[in-house]
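Chemist: Next comes the structure file coords.json, holding JSON, C-alpha atoms.
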[["chain", "number", "residue", "atom", "x", "y", "z"],
["A", 38, "MET", "CA", 21.48, 32.26, 74.67],
["A", 39, "LYS", "CA", 23.72, 29.25, 74.05],
["A", 40, "ARG", "CA", 21.11, 26.97, 75.58],
["A", 41, "ILE", "CA", 18.41, 28.45, 73.32],
["A", 42, "SER", "CA", 20.62, 27.89, 70.28],
["A", 43, "ILE", "CA", 21.15, 24.26, 71.27],
["A", 44, "CYS", "CA", 17.38, 23.81, 71.66],
["A", 45, "LEU", "CA", 16.72, 25.44, 68.31],
["A", 46, "ALA", "CA", 19.33, 23.24, 66.68],
["A", 47, "ALA", "CA", 17.79, 20.14, 68.25],
["A", 48, "ALA", "CA", 14.35, 21.24, 67.06],
["A", 49, "ALA", "CA", 15.71, 21.72, 63.56],
["A", 50, "ILE", "CA", 17.18, 18.21, 63.62],
["A", 51, "CYS", "CA", 13.83, 16.83, 64.80],
["A", 52, "LEU", "CA", 11.98, 18.70, 62.07],
["A", 53, "ALA", "CA", 14.47, 17.43, 59.51],
["A", 54, "ASP", "CA", 13.88, 13.87, 60.69],
["A", 55, "VAL", "CA", 10.10, 14.29, 60.48],
["A", 56, "SER", "CA", 10.28, 15.85, 57.03],
["A", 57, "GLY", "CA", 12.59, 13.04, 55.97],
["A", 58, "VAL", "CA", 10.04, 10.47, 57.10],
["A", 59, "ALA", "CA", 7.30, 12.37, 55.27],
["A", 60, "ALA", "CA", 9.40, 12.47, 52.11],
["A", 61, "ARG", "CA", 10.12, 8.79, 52.33],
["A", 62, "ALA", "CA", 6.39, 8.12, 52.83],
["A", 63, "GLN", "CA", 5.75, 9.76, 49.44],
["A", 64, "GLU", "CA", 8.34, 7.76, 47.53],
["A", 65, "VAL", "CA", 6.88, 5.43, 44.94],
["A", 66, "PRO", "CA", 7.59, 1.77, 45.88],
["A", 67, "ALA", "CA", 9.62, -0.22, 43.39],
["A", 68, "ASN", "CA", 6.68, -2.38, 42.26],
["A", 69, "TYR", "CA", 4.67, 0.76, 41.50],
["A", 70, "GLN", "CA", 7.61, 2.40, 39.74],
["A", 71, "GLU", "CA", 7.48, -0.60, 37.41],
["A", 72, "VAL", "CA", 3.79, 0.13, 36.78],
["A", 73, "LEU", "CA", 4.60, 3.70, 35.75],
["A", 74, "SER", "CA", 7.40, 2.45, 33.52],
["A", 75, "ILE", "CA", 5.18, -0.14, 31.79],
["A", 76, "LEU", "CA", 2.42, 2.38, 31.17],
["A", 77, "GLY", "CA", 4.78, 5.21, 30.27],
["A", 78, "LYS", "CA", 2.85, 7.56, 32.56],
["A", 79, "LYS", "CA", 3.51, 9.78, 35.56],
["A", 80, "GLY", "CA", 1.87, 9.30, 38.94],
["A", 81, "ASP", "CA", 2.23, 9.69, 42.67],
["A", 82, "TYR", "CA", 1.96, 7.54, 45.79],
["A", 83, "LYS", "CA", -0.07, 8.77, 48.76],
["A", 84, "ALA", "CA", -2.21, 7.06, 51.43],
["A", 85, "ASN", "CA", -0.93, 3.66, 50.20],
["A", 86, "VAL", "CA", -2.38, 4.29, 46.74],
["A", 87, "LEU", "CA", -0.58, 4.66, 43.44],
["A", 88, "LYS", "CA", -2.40, 7.16, 41.22],
["A", 89, "VAL", "CA", -1.48, 7.03, 37.53],
["A", 90, "ASN", "CA", -2.37, 10.20, 35.64],
["A", 91, "ILE", "CA", -3.93, 9.91, 32.17],
["A", 92, "PRO", "CA", -4.88, 13.54, 31.40],
["A", 93, "ARG", "CA", -6.55, 14.44, 28.11],
["A", 94, "SER", "CA", -4.34, 17.47, 27.56],
["A", 95, "ASP", "CA", -4.51, 16.65, 23.85],
["A", 96, "LEU", "CA", -8.13, 17.84, 23.80],
["A", 97, "LYS", "CA", -9.43, 21.39, 23.67],
["A", 98, "VAL", "CA", -12.80, 21.04, 25.36],
["A", 99, "THR", "CA", -15.56, 23.61, 25.54],
["A", 100, "VAL", "CA", -18.70, 23.17, 27.64],
["A", 101, "ASP", "CA", -21.65, 25.39, 26.80],
["A", 102, "GLY", "CA", -19.25, 27.55, 24.80],
["A", 103, "VAL", "CA", -16.75, 27.92, 27.66],
["A", 104, "ALA", "CA", -13.17, 26.80, 26.94],
["A", 105, "LEU", "CA", -11.96, 24.75, 29.92],
["A", 106, "PRO", "CA", -8.57, 23.45, 31.13],
["A", 107, "THR", "CA", -7.82, 19.75, 31.44],
["A", 108, "SER", "CA", -7.88, 20.01, 35.24],
["A", 109, "PHE", "CA", -11.55, 21.05, 35.17],
["A", 110, "GLY", "CA", -12.60, 17.42, 34.73],
["A", 111, "PHE", "CA", -10.75, 15.83, 31.83],
["A", 112, "GLY", "CA", -8.02, 14.02, 33.71],
["A", 113, "GLY", "CA", -8.33, 10.24, 33.46],
["A", 114, "TRP", "CA", -6.59, 7.98, 35.96],
["A", 115, "LEU", "CA", -5.82, 4.47, 37.18],
["A", 116, "ALA", "CA", -5.25, 3.74, 40.87],
["A", 117, "MET", "CA", -3.80, 0.69, 42.64],
["A", 118, "THR", "CA", -3.63, -0.33, 46.28],
["A", 119, "ARG", "CA", -2.67, -3.51, 48.11],
["A", 120, "GLY", "CA", -5.53, -5.92, 48.72],
["A", 121, "GLU", "CA", -5.85, -9.40, 50.18],
["A", 122, "GLY", "CA", -3.80, -12.42, 49.18],
["A", 123, "GLY", "CA", -0.86, -10.39, 47.95],
["A", 124, "ASN", "CA", -2.85, -8.92, 45.07],
["A", 125, "ASP", "CA", -3.64, -5.31, 44.25],
["A", 126, "VAL", "CA", -7.01, -3.79, 43.45],
["A", 127, "MET", "CA", -7.03, -1.49, 40.42],
["A", 128, "MET", "CA", -9.76, 1.02, 39.67],
["A", 129, "GLY", "CA", -9.84, 3.81, 37.17],
["A", 130, "ASP", "CA", -11.79, 6.35, 35.17],
["A", 131, "LEU", "CA", -10.75, 6.90, 31.56],
["A", 132, "VAL", "CA", -11.69, 10.05, 29.63],
["A", 133, "LEU", "CA", -12.58, 9.09, 26.07],
["A", 134, "LEU", "CA", -13.85, 10.51, 22.82],
["A", 135, "GLU", "CA", -16.88, 8.85, 21.26],
["A", 136, "GLU", "CA", -14.82, 6.98, 18.69],
["A", 137, "GLU", "CA", -12.39, 5.75, 21.35],
["A", 138, "VAL", "CA", -14.99, 4.15, 23.64],
["A", 139, "ASN", "CA", -15.49, 0.76, 22.03],
["A", 140, "PRO", "CA", -11.90, 0.10, 20.87],
["A", 141, "VAL", "CA", -10.69, 0.90, 24.41],
["A", 142, "MET", "CA", -13.43, -1.27, 25.91],
["A", 143, "THR", "CA", -12.49, -4.17, 23.65],
["A", 144, "ALA", "CA", -8.81, -3.87, 24.61],
["A", 145, "LEU", "CA", -9.68, -3.92, 28.32],
["A", 146, "LEU", "CA", -12.00, -6.92, 28.03],
["A", 147, "GLN", "CA", -9.62, -8.91, 25.84],
["A", 148, "ASN", "CA", -6.89, -8.48, 28.44],
["A", 149, "GLY", "CA", -8.97, -9.68, 31.38],
["A", 150, "LEU", "CA", -10.01, -6.36, 32.92],
["A", 151, "GLU", "CA", -13.58, -5.33, 33.70],
["A", 152, "VAL", "CA", -15.58, -2.34, 32.49],
["A", 153, "THR", "CA", -17.99, -1.29, 35.24],
["A", 154, "ALA", "CA", -19.57, 1.94, 33.96],
["A", 155, "LEU", "CA", -19.81, 4.17, 30.89],
["A", 156, "HIS", "CA", -21.45, 7.57, 31.09],
["A", 157, "ASN", "CA", -21.20, 11.29, 30.43],
["A", 158, "HIS", "CA", -20.26, 14.01, 32.92],
["A", 159, "PHE", "CA", -21.35, 17.02, 30.88],
["A", 160, "PHE", "CA", -23.98, 18.40, 28.55],
["A", 161, "PHE", "CA", -23.20, 20.73, 25.63],
["A", 162, "GLU", "CA", -19.53, 19.75, 25.45],
["A", 163, "THR", "CA", -17.39, 19.79, 22.29],
["A", 164, "PRO", "CA", -15.97, 17.30, 21.50],
["A", 165, "ARG", "CA", -18.31, 14.79, 23.11],
["A", 166, "ILE", "CA", -16.66, 13.11, 26.12],
["A", 167, "PHE", "CA", -17.42, 9.80, 27.83],
["A", 168, "TYR", "CA", -16.08, 8.34, 31.08],
["A", 169, "MET", "CA", -15.30, 4.64, 31.39],
["A", 170, "HIS", "CA", -14.73, 3.02, 34.79],
["A", 171, "VAL", "CA", -12.43, 0.00, 34.92],
["A", 172, "HIS", "CA", -11.60, -2.63, 37.53],
["A", 173, "GLY", "CA", -9.03, -5.37, 37.97],
["A", 174, "MET", "CA", -7.24, -7.49, 40.57],
["A", 175, "GLY", "CA", -3.75, -8.98, 40.42],
["A", 176, "LYS", "CA", -0.06, -8.17, 40.69],
["A", 177, "PRO", "CA", 0.69, -4.51, 39.92],
["A", 178, "ALA", "CA", 2.94, -5.20, 36.93],
["A", 179, "ASP", "CA", 0.43, -7.69, 35.51],
["A", 180, "LEU", "CA", -2.39, -5.17, 35.86],
["A", 181, "ALA", "CA", -0.28, -2.55, 34.10],
["A", 182, "ARG", "CA", 0.44, -4.90, 31.21],
["A", 183, "LYS", "CA", -3.26, -5.72, 30.90],
["A", 184, "ALA", "CA", -4.20, -2.03, 30.89],
["A", 185, "LYS", "CA", -1.46, -0.85, 28.52],
["A", 186, "PRO", "CA", -3.09, -1.90, 25.20],
["A", 187, "ALA", "CA", -6.17, 0.13, 26.11],
["A", 188, "ILE", "CA", -4.21, 3.10, 27.44],
["A", 189, "ASP", "CA", -2.14, 3.16, 24.24],
["A", 190, "LEU", "CA", -5.32, 3.73, 22.21],
["A", 191, "ILE", "CA", -6.21, 6.94, 24.05],
["A", 192, "GLY", "CA", -5.38, 10.15, 22.27],
["A", 193, "LYS", "CA", -4.21, 8.56, 19.04],
["A", 194, "GLU", "CA", -5.40, 9.65, 15.60],
["A", 195, "PRO", "CA", -8.47, 7.72, 14.41],
["A", 196, "GLY", "CA", -7.69, 4.92, 11.99],
["A", 197, "ARG", "CA", -4.07, 4.47, 13.05],
["A", 198, "ILE", "CA", -4.41, 1.74, 15.66],
["A", 199, "GLY", "CA", -7.86, 0.26, 15.32],
["A", 200, "ILE", "CA", -10.00, 3.32, 16.06],
["A", 201, "PRO", "CA", -12.39, 3.80, 13.14],
["A", 202, "GLU", "CA", -12.73, 7.13, 11.41],
["A", 203, "ARG", "CA", -16.01, 8.89, 12.17],
["A", 204, "PRO", "CA", -18.24, 8.42, 9.07],
["A", 205, "SER", "CA", -18.71, 11.64, 7.14],
["A", 206, "ALA", "CA", -21.87, 12.88, 5.49],
["A", 207, "THR", "CA", -20.39, 11.77, 2.16],
["A", 208, "SER", "CA", -19.48, 8.28, 3.39],
["A", 209, "SER", "CA", -19.62, 5.58, 0.72],
["A", 210, "SER", "CA", -21.61, 3.34, 3.09],
["A", 211, "PRO", "CA", -25.16, 2.95, 1.78],
["A", 212, "ALA", "CA", -27.75, 4.93, 3.67],
["A", 213, "VAL", "CA", -30.06, 2.94, 5.95],
["A", 214, "THR", "CA", -33.66, 3.59, 5.00],
["A", 215, "ALA", "CA", -36.98, 1.97, 5.86],
["A", 216, "GLY", "CA", -37.38, -1.33, 4.02],
["A", 217, "GLU", "CA", -38.61, -4.87, 4.51],
["A", 218, "PHE", "CA", -37.39, -7.49, 6.99],
["A", 219, "ASN", "CA", -37.85, -11.23, 6.73],
["A", 220, "THR", "CA", -39.34, -11.19, 10.21],
["A", 221, "GLY", "CA", -39.85, -14.93, 10.30],
["A", 222, "ALA", "CA", -36.12, -15.50, 9.77],
["A", 223, "LEU", "CA", -35.24, -12.92, 12.41],
["A", 224, "ASP", "CA", -37.69, -14.49, 14.89],
["A", 225, "GLN", "CA", -36.07, -17.86, 14.34],
["A", 226, "ILE", "CA", -32.61, -16.45, 15.06],
["A", 227, "VAL", "CA", -33.69, -14.49, 18.15],
["A", 228, "GLY", "CA", -35.99, -17.19, 19.53],
["A", 229, "HIS", "CA", -38.78, -14.69, 20.18],
["A", 230, "THR", "CA", -41.52, -13.04, 18.15],
["A", 231, "GLY", "CA", -41.04, -9.37, 17.47],
["A", 232, "GLU", "CA", -43.56, -6.60, 16.95],
["A", 233, "LYS", "CA", -43.96, -4.31, 13.93],
["A", 234, "LEU", "CA", -43.99, -0.65, 14.95],
["A", 235, "ALA", "CA", -44.62, 2.56, 13.04],
["A", 236, "GLY", "CA", -41.92, 3.80, 10.68],
["A", 237, "GLY", "CA", -40.64, 0.38, 9.67],
["A", 238, "VAL", "CA", -39.24, -0.59, 13.09],
["A", 239, "TYR", "CA", -39.28, -4.24, 14.18],
["A", 240, "LYS", "CA", -38.81, -4.62, 17.95],
["A", 241, "TYR", "CA", -38.19, -7.45, 20.41],
["A", 242, "THR", "CA", -38.92, -6.98, 24.11],
["A", 243, "VAL", "CA", -37.83, -9.78, 26.45],
["A", 244, "GLY", "CA", -38.75, -9.62, 30.13],
["A", 245, "ARG", "CA", -36.60, -10.54, 33.12],
["A", 246, "ASP", "CA", -39.31, -12.31, 35.12],
["A", 247, "ASP", "CA", -36.61, -14.70, 36.34],
["A", 248, "LEU", "CA", -35.39, -11.93, 38.67],
["A", 249, "LYS", "CA", -38.73, -11.81, 40.55],
["A", 250, "MET", "CA", -38.18, -8.17, 41.49],
["A", 251, "LYS", "CA", -40.66, -6.33, 43.67],
["A", 252, "GLU", "CA", -41.01, -2.72, 44.74],
["A", 253, "MET", "CA", -43.17, -2.04, 47.83],
["A", 254, "GLY", "CA", -44.75, -5.47, 47.26],
["A", 255, "ALA", "CA", -45.58, -4.78, 43.62],
["A", 256, "PRO", "CA", -43.99, -7.05, 40.99],
["A", 257, "ILE", "CA", -41.70, -5.16, 38.61],
["A", 258, "ASN", "CA", -42.14, -6.74, 35.20],
["A", 259, "ALA", "CA", -41.27, -5.98, 31.58],
["A", 260, "ARG", "CA", -44.05, -3.41, 31.29],
["A", 261, "MET", "CA", -42.48, -1.56, 34.23],
["A", 262, "GLY", "CA", -39.14, -1.40, 32.43],
["A", 263, "LEU", "CA", -37.47, -4.61, 33.58],
["A", 264, "ASN", "CA", -36.69, -5.94, 30.12],
["A", 265, "THR", "CA", -34.11, -6.36, 27.40],
["A", 266, "TRP", "CA", -35.07, -5.01, 23.99],
["A", 267, "ALA", "CA", -33.80, -4.58, 20.45],
["A", 268, "ALA", "CA", -35.25, -2.30, 17.78],
["A", 269, "PHE", "CA", -34.34, -2.98, 14.13],
["A", 270, "PHE", "CA", -34.64, -0.46, 11.30],
["A", 271, "GLY", "CA", -33.72, -0.75, 7.63],
["A", 272, "SER", "CA", -33.77, -3.89, 5.51],
["A", 273, "ASP", "CA", -32.38, -7.41, 5.59],
["A", 274, "ASP", "CA", -29.14, -6.37, 3.88],
["A", 275, "ASN", "CA", -28.61, -2.98, 5.53],
["A", 276, "ALA", "CA", -29.93, -2.42, 9.03],
["A", 277, "VAL", "CA", -29.27, -0.75, 12.34],
["A", 278, "VAL", "CA", -30.16, -1.97, 15.81],
["A", 279, "ALA", "CA", -30.43, -0.18, 19.14],
["A", 280, "GLY", "CA", -31.51, -1.49, 22.48],
["A", 281, "ASP", "CA", -31.13, -1.94, 26.19],
["A", 282, "VAL", "CA", -29.97, -4.98, 28.18],
["A", 283, "ALA", "CA", -31.14, -5.55, 31.76],
["A", 284, "MET", "CA", -28.41, -7.40, 33.68],
["A", 285, "VAL", "CA", -27.52, -8.46, 37.19],
["A", 286, "GLU", "CA", -23.92, -7.81, 38.22],
["A", 287, "ALA", "CA", -22.55, -11.22, 37.21],
["A", 288, "GLU", "CA", -23.93, -10.83, 33.70],
["A", 289, "VAL", "CA", -22.30, -7.49, 32.85],
["A", 290, "GLN", "CA", -18.89, -8.67, 31.68],
["A", 291, "PRO", "CA", -20.21, -11.64, 29.60],
["A", 292, "VAL", "CA", -22.68, -9.28, 27.89],
["A", 293, "LEU", "CA", -19.96, -6.72, 27.16],
["A", 294, "ARG", "CA", -17.69, -9.36, 25.67],
["A", 295, "THR", "CA", -20.52, -10.75, 23.53],
["A", 296, "LEU", "CA", -21.53, -7.38, 22.08],
["A", 297, "ARG", "CA", -17.97, -6.33, 21.34],
["A", 298, "MET", "CA", -17.21, -9.73, 19.78],
["A", 299, "HIS", "CA", -19.98, -8.92, 17.30],
["A", 300, "ASN", "CA", -18.67, -5.36, 16.79],
["A", 301, "VAL", "CA", -21.80, -3.85, 18.37],
["A", 302, "ASN", "CA", -21.08, -0.52, 20.07],
["A", 303, "VAL", "CA", -21.78, -0.15, 23.79],
["A", 304, "VAL", "CA", -22.93, 3.42, 24.46],
["A", 305, "ALA", "CA", -23.93, 3.47, 28.15],
["A", 306, "ILE", "CA", -23.85, 1.35, 31.31],
["A", 307, "HIS", "CA", -25.89, 2.66, 34.22],
["A", 308, "LEU", "CA", -28.74, 2.18, 36.69],
["A", 309, "HIS", "CA", -32.42, 2.79, 35.96],
["A", 310, "MET", "CA", -33.63, 2.03, 39.50],
["A", 311, "ILE", "CA", -32.21, 2.77, 42.94],
["A", 312, "GLY", "CA", -32.76, 0.58, 45.99],
["A", 313, "SER", "CA", -34.08, -2.39, 44.03],
["A", 314, "ARG", "CA", -32.95, -5.94, 44.80],
["A", 315, "PRO", "CA", -31.35, -7.56, 43.03],
["A", 316, "MET", "CA", -29.47, -4.58, 41.65],
["A", 317, "VAL", "CA", -30.11, -4.37, 37.90],
["A", 318, "ILE", "CA", -27.67, -2.67, 35.57],
["A", 319, "PHE", "CA", -28.75, -1.46, 32.13],
["A", 320, "LEU", "CA", -26.61, -1.32, 29.02],
["A", 321, "HIS", "CA", -27.49, 0.62, 25.86],
["A", 322, "TYR", "CA", -26.03, -0.41, 22.52],
["A", 323, "TRP", "CA", -25.99, 0.46, 18.81],
["A", 324, "GLY", "CA", -24.98, -1.59, 15.78],
["A", 325, "ARG", "CA", -24.97, -1.60, 11.97],
["A", 326, "GLY", "CA", -24.89, -4.52, 9.54],
["A", 327, "SER", "CA", -27.16, -7.09, 7.99],
["A", 328, "ALA", "CA", -30.32, -7.78, 9.98],
["A", 329, "ALA", "CA", -29.38, -11.44, 10.43],
["A", 330, "THR", "CA", -25.93, -10.57, 11.79],
["A", 331, "LEU", "CA", -27.40, -8.09, 14.24],
["A", 332, "ALA", "CA", -30.11, -10.59, 15.26],
["A", 333, "ARG", "CA", -27.43, -13.19, 16.05],
["A", 334, "ALA", "CA", -25.62, -10.65, 18.21],
["A", 335, "PHE", "CA", -28.86, -9.97, 20.10],
["A", 336, "ARG", "CA", -29.60, -13.69, 20.52],
["A", 337, "GLU", "CA", -26.14, -14.41, 21.90],
["A", 338, "THR", "CA", -26.55, -11.48, 24.27],
["A", 339, "LEU", "CA", -29.84, -12.91, 25.51],
["A", 340, "ASP", "CA", -28.06, -16.21, 26.07],
["A", 341, "GLN", "CA", -25.88, -14.50, 28.70],
["A", 342, "LEU", "CA", -28.92, -13.58, 30.80],
["A", 343, "GLY", "CA", -30.48, -15.78, 33.47],
["A", 344, "ALA", "CA", -31.63, -19.28, 32.57],
["A", 345, "LYS", "CA", -31.04, -20.31, 28.95],
["A", 346, "SER", "CA", -34.71, -21.25, 28.54],
["A", 347, "GLY", "CA", -38.12, -20.34, 29.84],
["A", 348, "ARG", "CA", -37.94, -16.65, 29.03],
["A", 349, "THR", "CA", -41.10, -15.13, 27.66],
["A", 350, "ALA", "CA", -41.56, -12.03, 25.54],
["A", 351, "HIS", "CA", -43.65, -9.17, 26.86],
["A", 352, "ARG", "CA", -45.06, -6.12, 25.15]]
In structure tokens, what does this structure look like?
Modeler:
Amino acid sequence: MKRISICLAAAAICLADVSGVAARAQEVPANYQEVLSILGKKGDYKANVLKVNIPRSDLKVTVDGVALPTSFGFGGWLAMTRGEGGNDVMMGDLVLLEEEVNPVMTALLQNGLEVTALHNHFFFETPRIFYMHVHGMGKPADLARKAKPAIDLIGKEPGRIGIPERPSATSSSPAVTAGEFNTGALDQIVGHTGEKLAGGVYKYTVGRDDLKMKEMGAPINARMGLNTWAAFFGSDDNAVVAGDVAMVEAEVQPVLRTLRMHNVNVVAIHLHMIGSRPMVIFLHYWGRGSAATLARAFRETLDQLGAKSGRTAHR
């Protein structure tokens, strides 16, 4: 019996040692503790990854009339792990309201981080939710400082720190209605000739023939959807623009910075084609302002794509 007791005691000591090692393995390293402190968030450290939790517990979300808890899919996060050259890789997925998307995107871009995707996860949700994927490389504390201005915008009341109030039906802004454009002036700004469409829309469609994309031997051109376009509606003084930008990977961040610099809203970043080479990423946008201002934003966006000359318009 004594021998059994000794064995059991030894086993207990061994188990205690193992559990101690496991506990130590879960402790957050000092450099990651600093990250949590800078961001003012909680997180955990497992499998050599720091996970920073950014839950949207401030929201009461219903999907198709069903009230759902935050854990169902409304928990944003940032994650860091050690990469090459002594730097960390940071990735994340931020859960945002419609009116938060572009202020948060601007804060990320202005602080040297990348936005790599913007999309929805649900249909029929209230309020409307978008998911923004972010990426960065650097020292953990530096990455945290770069991310903090954007993180601080999440969950704050509109209007308090740069997030615009959602316009109401009684907004004092003049309504945008079908009018006349000085199309010659717009063409001069854009550097292409647009096309008049039904309902007072004036549209530019600019192909990406420079990419020389093929699918099963067939050339994929502007008529097949490989194009960048902008549709204008309204009048010279009061217009809206919507469109789509076809980009290769290296063009994404310059295009995002250009659009946000002109206060044009980015509303989606995604793929239209799978398996194509080069990989083409599409960005949808929406803006309001004078037609000339919006045309300059479109022109400067075009200037981020491919060669600066030799593009041709396609309809």
Chemist: Report the closest atom pair, with its distance in Å rounded to one decimal, for each residue of segment 189-283 of chain A that has an atom no farther than 10 Å from segment 91-106 of chain A; count only C-alpha atoms, sort by chain and then rising residue number, and write it as a tab-separated table.
Modeler:
residue	atom	partner	partner_atom	distance
A:Ile191	CA	A:Arg93	CA	8.5
A:Gly192	CA	A:Asp95	CA	6.7
A:Lys193	CA	A:Asp95	CA	9.4
Chemist: Which residue gives the smallest distance to Val289 of chain A among A:Leu146, A:Ile257, A:Ala178, A:Val213, with all atoms listed in the file counted?
Modeler: A:Leu146
Chemist: Taking only C-alpha atoms into account, name the residue in A:Thr163, A:Trp114, A:Ala154, A:Ser327 that is nearest to Asn219 of chain A.
Modeler: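 Smallest distance to Asn219 of chain A is found for A:Ser327.
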Chemist: Enter the distance from atom CA of Val138 of chain A to atom CA of Val278 of chain A, in Å, rounded to one decimal.
Modeler: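 Spanning atom CA of Val138 of chain A to atom CA of Val278 of chain A is a straight-line distance of 18.1 Å.
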Chemist: The residues within 12 Å of (-41.1, -4.7, 42.1), using all atoms listed in the file and the coordinates of the file, should be reported as a tab-separated table (two decimals) with C-alpha atoms, in the coordinates of the input; which are they?
Modeler:
chain	number	residue	atom	x	y	z
A	245	ARG	CA	-36.60	-10.54	33.12
A	246	ASP	CA	-39.31	-12.31	35.12
A	248	LEU	CA	-35.39	-11.93	38.67
A	249	LYS	CA	-38.73	-11.81	40.55
A	250	MET	CA	-38.18	-8.17	41.49
A	251	LYS	CA	-40.66	-6.33	43.67
A	252	GLU	CA	-41.01	-2.72	44.74
A	253	MET	CA	-43.17	-2.04	47.83
A	254	GLY	CA	-44.75	-5.47	47.26
A	255	ALA	CA	-45.58	-4.78	43.62
A	256	PRO	CA	-43.99	-7.05	40.99
A	257	ILE	CA	-41.70	-5.16	38.61
A	258	ASN	CA	-42.14	-6.74	35.20
A	259	ALA	CA	-41.27	-5.98	31.58
A	260	ARG	CA	-44.05	-3.41	31.29
A	261	MET	CA	-42.48	-1.56	34.23
A	262	GLY	CA	-39.14	-1.40	32.43
A	263	LEU	CA	-37.47	-4.61	33.58
A	310	MET	CA	-33.63	2.03	39.50
A	311	ILE	CA	-32.21	2.77	42.94
A	312	GLY	CA	-32.76	0.58	45.99
A	313	SER	CA	-34.08	-2.39	44.03
A	314	ARG	CA	-32.95	-5.94	44.80
A	315	PRO	CA	-31.35	-7.56	43.03
A	316	MET	CA	-29.47	-4.58	41.65
A	317	VAL	CA	-30.11	-4.37	37.90
Chemist: Near Met174 of chain A, counting only C-alpha atoms, which residues have an atom at most 8 Å away, once you skip same-chain residues fewer than 5 positions from it, shown as a PyMOL selection string?
Modeler: chain A and resi 124-127+180
Chemist: Please complete segment 328-341 of chain A with N, CA and C atoms and give it back as a PDB file, keeping the file's coordinate frame.
Modeler:
ATOM      1  N   ALA A 328     -29.366  -7.521   8.894  1.00  0.00           N
ATOM      2  CA  ALA A 328     -30.320  -7.780   9.980  1.00  0.00           C
ATOM      3  C   ALA A 328     -30.029  -9.120  10.644  1.00  0.00           C
ATOM      4  N   ALA A 329     -29.657 -10.121   9.857  1.00  0.00           N
ATOM      5  CA  ALA A 329     -29.380 -11.440  10.430  1.00  0.00           C
ATOM      6  C   ALA A 329     -28.176 -11.404  11.356  1.00  0.00           C
ATOM      7  N   THR A 330     -27.131 -10.687  10.948  1.00  0.00           N
ATOM      8  CA  THR A 330     -25.930 -10.570  11.790  1.00  0.00           C
ATOM      9  C   THR A 330     -26.256  -9.886  13.102  1.00  0.00           C
ATOM     10  N   LEU A 331     -27.032  -8.822  13.029  1.00  0.00           N
ATOM     11  CA  LEU A 331     -27.400  -8.090  14.240  1.00  0.00           C
ATOM     12  C   LEU A 331     -28.326  -8.934  15.123  1.00  0.00           C
ATOM     13  N   ALA A 332     -29.213  -9.720  14.496  1.00  0.00           N
ATOM     14  CA  ALA A 332     -30.110 -10.590  15.260  1.00  0.00           C
ATOM     15  C   ALA A 332     -29.317 -11.654  16.010  1.00  0.00           C
ATOM     16  N   ARG A 333     -28.260 -12.190  15.366  1.00  0.00           N
ATOM     17  CA  ARG A 333     -27.430 -13.190  16.050  1.00  0.00           C
ATOM     18  C   ARG A 333     -26.708 -12.562  17.242  1.00  0.00           C
ATOM     19  N   ALA A 334     -26.270 -11.335  17.094  1.00  0.00           N
ATOM     20  CA  ALA A 334     -25.620 -10.650  18.210  1.00  0.00           C
ATOM     21  C   ALA A 334     -26.601 -10.488  19.374  1.00  0.00           C
ATOM     22  N   PHE A 335     -27.844 -10.132  19.051  1.00  0.00           N
ATOM     23  CA  PHE A 335     -28.860  -9.970  20.100  1.00  0.00           C
ATOM     24  C   PHE A 335     -29.162 -11.311  20.759  1.00  0.00           C
ATOM     25  N   ARG A 336     -29.293 -12.364  19.962  1.00  0.00           N
ATOM     26  CA  ARG A 336     -29.600 -13.690  20.520  1.00  0.00           C
ATOM     27  C   ARG A 336     -28.488 -14.147  21.459  1.00  0.00           C
ATOM     28  N   GLU A 337     -27.242 -13.970  21.045  1.00  0.00           N
ATOM     29  CA  GLU A 337     -26.140 -14.410  21.900  1.00  0.00           C
ATOM     30  C   GLU A 337     -26.034 -13.557  23.156  1.00  0.00           C
ATOM     31  N   THR A 338     -26.480 -12.315  23.068  1.00  0.00           N
ATOM     32  CA  THR A 338     -26.550 -11.480  24.270  1.00  0.00           C
ATOM     33  C   THR A 338     -27.621 -11.997  25.214  1.00  0.00           C
ATOM     34  N   LEU A 339     -28.782 -12.332  24.681  1.00  0.00           N
ATOM     35  CA  LEU A 339     -29.840 -12.910  25.510  1.00  0.00           C
ATOM     36  C   LEU A 339     -29.366 -14.178  26.203  1.00  0.00           C
ATOM     37  N   ASP A 340     -28.531 -14.943  25.510  1.00  0.00           N
ATOM     38  CA  ASP A 340     -28.060 -16.210  26.070  1.00  0.00           C
ATOM     39  C   ASP A 340     -27.145 -16.004  27.283  1.00  0.00           C
ATOM     40  N   GLN A 341     -26.702 -14.789  27.524  1.00  0.00           N
ATOM     41  CA  GLN A 341     -25.880 -14.500  28.700  1.00  0.00           C
ATOM     42  C   GLN A 341     -26.725 -14.156  29.922  1.00  0.00           C
TER      43      GLN A 341
END
